[in-house]
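So this block is query-v6.pdb, PDB, C-alpha atoms:
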ATOM      1  CA  MET A   1      75.160 111.353  90.446  1.00  0.00           C
ATOM      2  CA  ASP A   2      75.844 114.632  88.631  1.00  0.00           C
ATOM      3  CA  ASP A   3      76.393 115.130  84.892  1.00  0.00           C
ATOM      4  CA  VAL A   4      80.202 115.267  85.154  1.00  0.00           C
ATOM      5  CA  GLN A   5      80.376 111.967  87.078  1.00  0.00           C
ATOM      6  CA  SER A   6      78.054 110.355  84.509  1.00  0.00           C
ATOM      7  CA  ALA A   7      80.293 111.666  81.719  1.00  0.00           C
ATOM      8  CA  LYS A   8      83.348 110.196  83.460  1.00  0.00           C
ATOM      9  CA  LEU A   9      81.719 106.763  83.647  1.00  0.00           C
ATOM     10  CA  GLU A  10      80.827 106.877  79.947  1.00  0.00           C
ATOM     11  CA  THR A  11      84.285 108.185  79.032  1.00  0.00           C
ATOM     12  CA  LEU A  12      86.039 105.445  81.023  1.00  0.00           C
ATOM     13  CA  LYS A  13      83.885 102.746  79.427  1.00  0.00           C
ATOM     14  CA  ALA A  14      84.632 104.050  75.924  1.00  0.00           C
ATOM     15  CA  TYR A  15      88.343 104.309  76.746  1.00  0.00           C
ATOM     16  CA  GLY A  16      88.402 100.743  78.108  1.00  0.00           C
ATOM     17  CA  ASP A  17      86.569  99.567  74.983  1.00  0.00           C
ATOM     18  CA  TYR A  18      89.198 101.319  72.852  1.00  0.00           C
ATOM     19  CA  PHE A  19      91.952  99.206  74.439  1.00  0.00           C
ATOM     20  CA  ALA A  20      89.865  96.020  74.445  1.00  0.00           C
ATOM     21  CA  ASN A  21      89.293  96.390  70.687  1.00  0.00           C
ATOM     22  CA  LEU A  22      92.713  97.837  69.830  1.00  0.00           C
ATOM     23  CA  GLY A  23      94.211  96.781  66.525  1.00  0.00           C
ATOM     24  CA  PRO A  24      96.703  98.270  64.063  1.00  0.00           C
ATOM     25  CA  GLU A  25      93.829  99.849  62.150  1.00  0.00           C
ATOM     26  CA  THR A  26      92.272 101.472  65.262  1.00  0.00           C
ATOM     27  CA  VAL A  27      95.347 102.911  67.007  1.00  0.00           C
ATOM     28  CA  ASP A  28      94.636 106.455  65.782  1.00  0.00           C
ATOM     29  CA  ASN A  29      91.142 106.358  67.321  1.00  0.00           C
ATOM     30  CA  LEU A  30      92.882 107.256  70.587  1.00  0.00           C
ATOM     31  CA  HIS A  31      92.453 110.910  69.591  1.00  0.00           C
ATOM     32  CA  HIS A  32      88.676 110.560  70.093  1.00  0.00           C
ATOM     33  CA  HIS A  33      89.152 109.672  73.760  1.00  0.00           C
ATOM     34  CA  VAL A  34      91.933 111.928  75.042  1.00  0.00           C
ATOM     35  CA  THR A  35      92.867 115.574  75.508  1.00  0.00           C
ATOM     36  CA  PRO A  36      95.548 117.244  73.346  1.00  0.00           C
ATOM     37  CA  ASP A  37      97.936 117.274  76.348  1.00  0.00           C
ATOM     38  CA  TYR A  38      97.291 113.595  77.202  1.00  0.00           C
ATOM     39  CA  SER A  39     100.157 111.741  78.878  1.00  0.00           C
ATOM     40  CA  PHE A  40     100.723 107.991  79.151  1.00  0.00           C
ATOM     41  CA  THR A  41     103.034 106.344  81.677  1.00  0.00           C
ATOM     42  CA  ASP A  42     103.945 102.679  82.052  1.00  0.00           C
ATOM     43  CA  PRO A  43     106.901 101.066  83.877  1.00  0.00           C
ATOM     44  CA  PHE A  44     109.147 101.759  80.850  1.00  0.00           C
ATOM     45  CA  ASN A  45     108.014 105.127  79.462  1.00  0.00           C
ATOM     46  CA  THR A  46     106.332 108.448  79.971  1.00  0.00           C
ATOM     47  CA  ILE A  47     104.946 109.681  76.681  1.00  0.00           C
ATOM     48  CA  ASN A  48     103.318 113.063  76.157  1.00  0.00           C
ATOM     49  CA  GLY A  49     100.791 113.762  73.421  1.00  0.00           C
ATOM     50  CA  PRO A  50      98.328 111.467  71.659  1.00  0.00           C
ATOM     51  CA  ASP A  51     100.377 111.309  68.438  1.00  0.00           C
ATOM     52  CA  ARG A  52     103.397 109.960  70.303  1.00  0.00           C
ATOM     53  CA  VAL A  53     101.263 107.473  72.241  1.00  0.00           C
ATOM     54  CA  CYS A  54      99.719 106.273  68.967  1.00  0.00           C
ATOM     55  CA  ALA A  55     103.237 105.731  67.583  1.00  0.00           C
ATOM     56  CA  TYR A  56     104.092 103.732  70.725  1.00  0.00           C
ATOM     57  CA  LEU A  57     100.986 101.556  70.366  1.00  0.00           C
ATOM     58  CA  ASP A  58     101.675 101.076  66.664  1.00  0.00           C
ATOM     59  CA  LYS A  59     105.204  99.906  67.545  1.00  0.00           C
ATOM     60  CA  MET A  60     103.674  97.386  69.960  1.00  0.00           C
ATOM     61  CA  PHE A  61     101.864  95.773  67.019  1.00  0.00           C
ATOM     62  CA  ARG A  62     105.106  95.577  65.031  1.00  0.00           C
ATOM     63  CA  ASP A  63     107.194  94.203  67.920  1.00  0.00           C
ATOM     64  CA  THR A  64     104.790  91.622  69.357  1.00  0.00           C
ATOM     65  CA  GLU A  65     102.533  88.853  68.129  1.00  0.00           C
ATOM     66  CA  ASN A  66      98.792  89.030  68.771  1.00  0.00           C
ATOM     67  CA  PRO A  67      98.816  91.681  71.506  1.00  0.00           C
ATOM     68  CA  GLN A  68      95.496  91.900  73.305  1.00  0.00           C
ATOM     69  CA  PHE A  69      94.080  93.841  76.233  1.00  0.00           C
ATOM     70  CA  ILE A  70      91.211  92.346  78.181  1.00  0.00           C
ATOM     71  CA  VAL A  71      89.582  94.945  80.437  1.00  0.00           C
ATOM     72  CA  THR A  72      88.105  93.141  83.441  1.00  0.00           C
ATOM     73  CA  HIS A  73      87.063  95.978  85.759  1.00  0.00           C
ATOM     74  CA  GLN A  74      86.257  99.674  85.561  1.00  0.00           C
ATOM     75  CA  ALA A  75      85.566 102.170  88.330  1.00  0.00           C
ATOM     76  CA  VAL A  76      85.365 105.912  88.842  1.00  0.00           C
ATOM     77  CA  ASP A  77      86.035 107.552  92.198  1.00  0.00           C
ATOM     78  CA  ASN A  78      85.644 111.327  92.091  1.00  0.00           C
ATOM     79  CA  ASP A  79      88.481 112.625  89.894  1.00  0.00           C
ATOM     80  CA  LEU A  80      90.091 109.251  89.068  1.00  0.00           C
ATOM     81  CA  GLY A  81      89.129 106.354  86.852  1.00  0.00           C
ATOM     82  CA  PHE A  82      90.541 102.844  87.164  1.00  0.00           C
ATOM     83  CA  LEU A  83      90.856 100.028  84.666  1.00  0.00           C
ATOM     84  CA  ARG A  84      92.007  96.560  85.639  1.00  0.00           C
ATOM     85  CA  TRP A  85      93.242  94.605  82.634  1.00  0.00           C
ATOM     86  CA  ARG A  86      95.100  91.600  81.388  1.00  0.00           C
ATOM     87  CA  PHE A  87      97.583  91.929  78.534  1.00  0.00           C
ATOM     88  CA  THR A  88      98.754  88.989  76.465  1.00  0.00           C
ATOM     89  CA  ALA A  89     101.208  88.908  73.575  1.00  0.00           C
ATOM     90  CA  GLY A  90     104.003  86.906  72.057  1.00  0.00           C
ATOM     91  CA  ILE A  91     107.378  88.575  72.583  1.00  0.00           C
ATOM     92  CA  SER A  92     110.497  87.232  70.895  1.00  0.00           C
ATOM     93  CA  VAL A  93     112.745  87.209  73.999  1.00  0.00           C
ATOM     94  CA  LEU A  94     110.043  86.197  76.485  1.00  0.00           C
ATOM     95  CA  GLY A  95     107.740  83.894  74.551  1.00  0.00           C
ATOM     96  CA  ASN A  96     104.090  84.096  75.528  1.00  0.00           C
ATOM     97  CA  TRP A  97     103.565  86.976  77.897  1.00  0.00           C
ATOM     98  CA  ASP A  98     100.582  87.382  80.220  1.00  0.00           C
ATOM     99  CA  VAL A  99     100.443  90.243  82.714  1.00  0.00           C
ATOM    100  CA  THR A 100      97.665  91.727  84.821  1.00  0.00           C
ATOM    101  CA  GLY A 101      97.748  95.391  85.712  1.00  0.00           C
ATOM    102  CA  MET A 102      95.794  98.446  86.751  1.00  0.00           C
ATOM    103  CA  SER A 103      95.586 101.820  85.069  1.00  0.00           C
ATOM    104  CA  ALA A 104      94.691 105.049  86.846  1.00  0.00           C
ATOM    105  CA  VAL A 105      93.354 107.776  84.586  1.00  0.00           C
ATOM    106  CA  THR A 106      92.392 111.405  85.055  1.00  0.00           C
ATOM    107  CA  PHE A 107      89.695 113.271  83.177  1.00  0.00           C
ATOM    108  CA  SER A 108      89.202 116.612  81.513  1.00  0.00           C
ATOM    109  CA  ASP A 109      87.216 119.125  83.591  1.00  0.00           C
ATOM    110  CA  ASP A 110      83.933 118.169  81.917  1.00  0.00           C
ATOM    111  CA  GLY A 111      84.690 114.419  82.202  1.00  0.00           C
ATOM    112  CA  THR A 112      84.445 113.762  78.459  1.00  0.00           C
ATOM    113  CA  ARG A 113      88.124 113.032  77.751  1.00  0.00           C
ATOM    114  CA  ILE A 114      91.041 111.245  79.407  1.00  0.00           C
ATOM    115  CA  SER A 115      93.924 113.576  80.261  1.00  0.00           C
ATOM    116  CA  SER A 116      96.419 111.123  81.766  1.00  0.00           C
ATOM    117  CA  HIS A 117      96.951 107.371  82.029  1.00  0.00           C
ATOM    118  CA  VAL A 118      99.358 105.677  84.460  1.00  0.00           C
ATOM    119  CA  ASP A 119      99.863 101.900  84.284  1.00  0.00           C
ATOM    120  CA  HIS A 120     100.734  99.917  87.393  1.00  0.00           C
ATOM    121  CA  TRP A 121     102.042  96.361  86.997  1.00  0.00           C
ATOM    122  CA  ASP A 122     104.970  94.291  88.234  1.00  0.00           C
ATOM    123  CA  SER A 123     107.638  94.767  85.571  1.00  0.00           C
ATOM    124  CA  GLY A 124     110.248  93.011  87.719  1.00  0.00           C
ATOM    125  CA  MET A 125     108.596  89.616  87.889  1.00  0.00           C
ATOM    126  CA  ALA A 126     106.374  89.883  84.802  1.00  0.00           C
ATOM    127  CA  PHE A 127     109.072  91.124  82.443  1.00  0.00           C
ATOM    128  CA  TYR A 128     112.659  91.378  83.693  1.00  0.00           C
ATOM    129  CA  ALA A 129     112.598  88.078  85.598  1.00  0.00           C
ATOM    130  CA  ARG A 130     111.732  86.289  82.355  1.00  0.00           C
ATOM    131  CA  ILE A 131     114.785  87.560  80.471  1.00  0.00           C
ATOM    132  CA  PRO A 132     117.510  84.890  80.309  1.00  0.00           C
ATOM    133  CA  VAL A 133     120.413  85.467  82.763  1.00  0.00           C
ATOM    134  CA  LEU A 134     118.948  88.716  84.165  1.00  0.00           C
ATOM    135  CA  GLY A 135     115.894  86.736  85.260  1.00  0.00           C
ATOM    136  CA  TRP A 136     118.005  84.378  87.364  1.00  0.00           C
ATOM    137  CA  PHE A 137     119.344  87.315  89.411  1.00  0.00           C
ATOM    138  CA  ILE A 138     115.928  88.903  89.854  1.00  0.00           C
ATOM    139  CA  ARG A 139     114.254  85.651  90.916  1.00  0.00           C
ATOM    140  CA  ARG A 140     117.080  84.946  93.364  1.00  0.00           C
ATOM    141  CA  LEU A 141     116.841  88.444  94.862  1.00  0.00           C
ATOM    142  CA  ALA A 142     113.034  88.135  95.152  1.00  0.00           C
ATOM    143  CA  ALA A 143     113.425  84.792  96.933  1.00  0.00           C
ATOM    144  CA  ARG A 144     115.867  86.323  99.436  1.00  0.00           C
ATOM    145  CA  MET A 145     113.478  89.198 100.148  1.00  0.00           C
ATOM    146  CA  ALA A 146     110.421  86.941 100.594  1.00  0.00           C
ATOM    147  CA  VAL A 147     109.064  86.261 104.046  1.00  0.00           C
ATOM    148  CA  SER A 148     109.257  82.584 104.927  1.00  0.00           C
TER     149      SER A 148
END
As structure tokens, how would this structure be written, given the file I've shared?
Amino acid sequence: MDDVQSAKLETLKAYGDYFANLGPETVDNLHHHVTPDYSFTDPFNTINGPDRVCAYLDKMFRDTENPQFIVTHQAVDNDLGFLRWRFTAGISVLGNWDVTGMSAVTFSDDGTRISSHVDHWDSGMAFYARIPVLGWFIRRLAARMAVS
């Protein structure tokens, strides 16, 4: 394994630890892990720049109860890093929320910083289907599309 691949493994571990230990007082520590042009994408947003992502994470702490990321797996394959995680929180409209997802990240050229983060998780069934009224339509549509 070369030095850049080793750096990527260390960077991914530190980045995963950042999310696993995330709290209102540690949100701004994101800057230690990412490039100045860092971008973050989830099923609801694409946010460019670490300051804006920090504001988004800070809002998460204001809008939810006890949000927590549990990082269960980490892997690096050439130019990509992967984190598998579980997110739990209390959300006023949904109640207790528990979703499992995967994040794909890219690295700076030297492997010491994260340059992009894309979350992959099922927002239809994990989020929208739990919203009163809207959820009924989504669950019904999913049932019609399912293979018997």
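For the choices A:Asn21, A:Ser116, A:Thr26, A:Ser92, the atom-to-atom distance to A:Pro50 is smallest for A:Ser116 when using all atoms listed in the file.
As for atom CA of A:Val71 and atom CA of A:Pro36, they are spaced 24.1 Å apart.
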Selection result of the PyMOL selection byres ((chain A and resi 1-8) around 6) on this file, as a PyMOL selection string: chain A and resi 9-12+110-112
Please compute the atom CA of A:Arg84-atom CA of A:Pro67 distance, one decimal, in Å.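 Separating atom CA of A:Arg84 from atom CA of A:Pro67 is a distance of 16.4 Å.
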As JSON, numbers by chain, please: the residues near A:Thr106 (cut-off 8 Å, all atoms listed in the file, same-chain neighbours under 3 positions excluded). {"A": [79, 80, 81, 114, 115, 116, 117]}
In Å and to one decimal, atom CA of A:Glu25 is distant from atom CA of A:Arg52 by 16.1 Å
Using only C-alpha atoms, which residue out of A:Val93, A:Val99, A:Val105, A:Val53 lies closest to A:Ala75?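 The answer is A:Val105, which sits nearest to A:Ala75.
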Selection result of the PyMOL selection byres ((chain A and resi 70) around 12) on this file, as a list in words: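 Output of the PyMOL selection byres ((chain A and resi 70) around 12): Gly16, Asp17, Tyr18, Phe19, Ala20, Asn21, Leu22, Pro67, Gln68, Phe69, Val71, Thr72, His73, Gln74, Leu83, Arg84, Trp85, Arg86, Phe87, Thr88, Ala89, Asp98, Val99, Thr100, Gly101 and Met102 of chain A.
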Convert the output of the PyMOL selection byres ((chain A and resi 120) around 9) on the shown file into explicit residues, formatted as a list in words.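 Taken over the shown coordinates, the PyMOL selection byres ((chain A and resi 120) around 9) returns Thr41, Asp42, Pro43, Gly101, Met102, Ser103, Ala104, Val118, Asp119, Trp121, Asp122 and Ser123 of chain A.
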Excluding A:Glu65 and any residue of its chain fewer than 3 positions from it, enumerate the residues within 8 Å of it, using all atoms listed in the file, and give them as a list in words. Phe61, Arg62, Ala89, Gly90 and Ile91 of chain A
Distance criterion (only C-alpha atoms): nearest to A:Phe82 out of A:Trp97, A:Phe40, A:Tyr15, A:Tyr56: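 Of all the options, A:Tyr15 lies closest to A:Phe82.
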Draw an axis-aligned box over all listed atoms of stretch 42-57 of chain A, pad each side with 4 Å, and write its centre and edge lengths in Å, one decimal, as lines of an AutoDock Vina configuration file.
center_x = 103.7
center_y = 107.4
center_z = 75.7
size_x = 18.8
size_y = 20.7
size_z = 24.3
